[in-house]
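Chemist: Pasting a structure below so you can have a look.
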Amino acid sequence: MAEPMRTILLDAMGGDHGPSVCVEAAVQAVRESPTPLKVILVGDERELRSLLGRYHVNGAPVEIVHAPDVVRMNEQPTEVFRRKDSSVRVAM
């Protein structure tokens with residue numbers, strides 16, 4: 001019996017080093033996972049597609065969900081969740 005595919009949603013716009021590191025890690029995880037794995041990257045679709053294009057994923061289970069808003073360091077988390085379509089909110 002085949003193992004079920006696991007799905008991971010990743011806020012690809014967060015982190016100290018930005019989306020390039022998140023996209024690279026997602027591609028590596030899909031390629032090297034010992035079990036079936038699908039990664040859904042959440043963030044600015046244009047930027048993520050551009051970054052994903054570097055890796056020749058051709059049919060690999062990596063998807064993108066667009067989240068247009070950016071969270072600034074000075075913003076209150078409660079306001080961000082109420083008013084913005086940020087990657088962290090959309091992923092949750």
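Each chain in the structure tokens gets a letter, A, B and so on, in the order shown; residues start at 1 in every chain, and ligands are counted from 1 in the order they appear.
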Determine, counting only C-alpha atoms, which protein, DNA and RNA residues have an atom within 10 Å of an atom of stretch 45-48 of chain A; residues of the same chain fewer than 6 positions away are not included. Present the result as a list in words.
Modeler: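 The residues that qualify are Ala12, Met13, Pro19, Ser20, Cys22, Val23, Glu63, Ile64, Val65, His66, Ala67 and Pro68 of chain A.
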Chemist: Keeping all heavy atoms for every residue in the selection just given, could you write it to a file as a short mmCIF file (atom, residue, chain, number, x, y, z; two decimals), in the first residue's frame?
Modeler:
```cif
data_model
loop_
_atom_site.label_atom_id
_atom_site.label_comp_id
_atom_site.auth_asym_id
_atom_site.auth_seq_id
_atom_site.Cartn_x
_atom_site.Cartn_y
_atom_site.Cartn_z
N ALA A 12 6.50 31.51 2.75
CA ALA A 12 7.75 31.66 2.02
C ALA A 12 8.31 33.07 2.05
O ALA A 12 9.43 33.30 1.61
CB ALA A 12 7.56 31.21 0.57
N MET A 13 7.59 34.01 2.59
CA MET A 13 8.05 35.40 2.61
C MET A 13 8.72 35.75 3.94
O MET A 13 9.33 36.80 4.08
CB MET A 13 6.90 36.36 2.35
CG MET A 13 6.14 36.09 1.05
SD MET A 13 7.18 35.97 -0.42
CE MET A 13 7.64 37.67 -0.65
N PRO A 19 12.59 34.97 0.81
CA PRO A 19 11.96 33.84 0.13
C PRO A 19 12.91 32.94 -0.65
O PRO A 19 12.60 31.77 -0.88
CB PRO A 19 10.96 34.51 -0.82
CG PRO A 19 11.43 35.91 -0.97
CD PRO A 19 12.13 36.26 0.31
N SER A 20 14.08 33.42 -1.05
CA SER A 20 14.97 32.56 -1.83
C SER A 20 15.38 31.32 -1.05
O SER A 20 15.44 30.20 -1.59
CB SER A 20 16.20 33.32 -2.31
OG SER A 20 16.98 33.76 -1.22
N CYS A 22 13.65 29.96 1.44
CA CYS A 22 12.45 29.14 1.64
C CYS A 22 12.15 28.31 0.40
O CYS A 22 11.82 27.12 0.51
CB CYS A 22 11.25 30.02 1.98
SG CYS A 22 11.41 30.88 3.56
N VAL A 23 12.26 28.91 -0.78
CA VAL A 23 11.99 28.19 -2.02
C VAL A 23 13.02 27.08 -2.22
O VAL A 23 12.68 25.94 -2.54
CB VAL A 23 11.96 29.15 -3.23
CG1 VAL A 23 11.92 28.38 -4.54
CG2 VAL A 23 10.77 30.09 -3.12
N GLU A 63 3.45 23.94 -5.03
CA GLU A 63 2.42 24.87 -5.48
C GLU A 63 2.64 26.23 -4.83
O GLU A 63 3.36 26.35 -3.84
CB GLU A 63 1.03 24.35 -5.10
CG GLU A 63 0.65 23.07 -5.77
CD GLU A 63 -0.72 22.58 -5.36
OE1 GLU A 63 -1.50 23.35 -4.74
OE2 GLU A 63 -1.02 21.42 -5.64
N ILE A 64 1.97 27.23 -5.38
CA ILE A 64 2.05 28.59 -4.84
C ILE A 64 0.65 29.11 -4.58
O ILE A 64 -0.24 28.97 -5.43
CB ILE A 64 2.78 29.53 -5.82
CG1 ILE A 64 4.23 29.08 -6.00
CG2 ILE A 64 2.72 30.98 -5.32
CD1 ILE A 64 5.00 29.83 -7.06
N VAL A 65 0.45 29.70 -3.42
CA VAL A 65 -0.79 30.40 -3.08
C VAL A 65 -0.42 31.85 -2.87
O VAL A 65 0.46 32.17 -2.06
CB VAL A 65 -1.46 29.82 -1.81
CG1 VAL A 65 -2.63 30.66 -1.37
CG2 VAL A 65 -1.89 28.37 -2.05
N HIS A 66 -1.07 32.73 -3.62
CA HIS A 66 -0.72 34.16 -3.59
C HIS A 66 -1.21 34.82 -2.30
O HIS A 66 -2.34 34.63 -1.87
CB HIS A 66 -1.32 34.87 -4.79
CG HIS A 66 -0.97 36.32 -4.87
ND1 HIS A 66 0.34 36.74 -4.98
CD2 HIS A 66 -1.73 37.43 -4.85
CE1 HIS A 66 0.36 38.06 -5.05
NE2 HIS A 66 -0.89 38.50 -4.97
N ALA A 67 -0.33 35.60 -1.70
CA ALA A 67 -0.66 36.44 -0.54
C ALA A 67 -0.02 37.79 -0.82
O ALA A 67 1.21 37.91 -0.78
CB ALA A 67 -0.12 35.83 0.75
N PRO A 68 -0.81 38.81 -1.15
CA PRO A 68 -0.27 40.07 -1.65
C PRO A 68 0.34 41.02 -0.62
O PRO A 68 1.16 41.86 -0.98
CB PRO A 68 -1.49 40.73 -2.31
CG PRO A 68 -2.66 40.20 -1.54
CD PRO A 68 -2.26 38.78 -1.18
#
```
Chemist: Would you please give, as a CSV table (one decimal) with N, CA and C atoms, in the first residue's frame, all residues of chain A that DSSP assigns to strand (DSSP E or B) based on the backbone?
Modeler:
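Wrote states25.csv, looks like this:
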```csv
chain,number,residue,atom,x,y,z
A,6,ARG,N,2.0,13.7,2.2
A,6,ARG,CA,2.0,14.7,3.2
A,6,ARG,C,2.1,16.1,2.5
A,7,THR,N,1.4,17.1,3.1
A,7,THR,CA,1.4,18.4,2.6
A,7,THR,C,1.9,19.4,3.7
A,8,ILE,N,2.8,20.3,3.3
A,8,ILE,CA,3.4,21.3,4.1
A,8,ILE,C,3.0,22.7,3.5
A,9,LEU,N,2.5,23.6,4.3
A,9,LEU,CA,2.3,24.9,3.9
A,9,LEU,C,3.5,25.7,4.5
A,10,LEU,N,4.1,26.6,3.7
A,10,LEU,CA,5.2,27.3,4.1
A,10,LEU,C,5.1,28.8,3.8
A,11,ASP,N,5.1,29.6,4.9
A,11,ASP,CA,5.1,31.1,4.7
A,11,ASP,C,6.5,31.4,4.1
A,37,LEU,N,5.8,13.9,-0.7
A,37,LEU,CA,5.6,15.2,0.0
A,37,LEU,C,5.2,16.3,-1.0
A,38,LYS,N,4.3,17.1,-0.6
A,38,LYS,CA,3.9,18.3,-1.4
A,38,LYS,C,4.1,19.5,-0.6
A,39,VAL,N,4.7,20.6,-1.2
A,39,VAL,CA,4.9,21.8,-0.5
A,39,VAL,C,4.1,22.9,-1.1
A,40,ILE,N,3.3,23.7,-0.3
A,40,ILE,CA,2.6,24.8,-0.8
A,40,ILE,C,3.3,26.1,-0.3
A,41,LEU,N,3.8,26.9,-1.2
A,41,LEU,CA,4.5,28.1,-0.8
A,41,LEU,C,3.5,29.2,-0.8
A,42,VAL,N,3.4,30.0,0.3
A,42,VAL,CA,2.5,31.1,0.4
A,42,VAL,C,3.3,32.4,0.4
A,43,GLY,N,2.9,33.3,-0.5
A,43,GLY,CA,3.5,34.6,-0.6
A,43,GLY,C,3.3,35.3,-1.9
A,62,VAL,N,5.1,21.1,-6.0
A,62,VAL,CA,5.3,22.4,-5.3
A,62,VAL,C,4.3,23.4,-5.9
A,63,GLU,N,3.4,23.9,-5.0
A,63,GLU,CA,2.4,24.9,-5.5
A,63,GLU,C,2.6,26.2,-4.8
A,64,ILE,N,2.0,27.2,-5.4
A,64,ILE,CA,2.1,28.6,-4.8
A,64,ILE,C,0.6,29.1,-4.6
A,65,VAL,N,0.5,29.7,-3.4
A,65,VAL,CA,-0.8,30.4,-3.1
A,65,VAL,C,-0.4,31.9,-2.9
A,66,HIS,N,-1.1,32.7,-3.6
A,66,HIS,CA,-0.7,34.2,-3.6
A,66,HIS,C,-1.2,34.8,-2.3
A,69,ASP,N,0.0,40.9,0.6
A,69,ASP,CA,0.4,41.9,1.6
A,69,ASP,C,1.7,41.5,2.3
A,86,SER,N,-1.6,38.7,4.4
A,86,SER,CA,-0.2,38.4,4.4
A,86,SER,C,0.1,36.9,4.3
```
Chemist: For the alpha helix (DSSP H) assignment from backbone DSSP, which residues of chain A qualify? Please present them as a ChimeraX atom specification.
Modeler: /A:19-32,45-52,77-83,87-91
Chemist: Name the closest residue to A:Met73 among the candidates A:Gly14, A:Pro4, A:Pro61, A:Pro34; distances are taken between atoms, counting only C-alpha atoms.
Modeler: A:Gly14
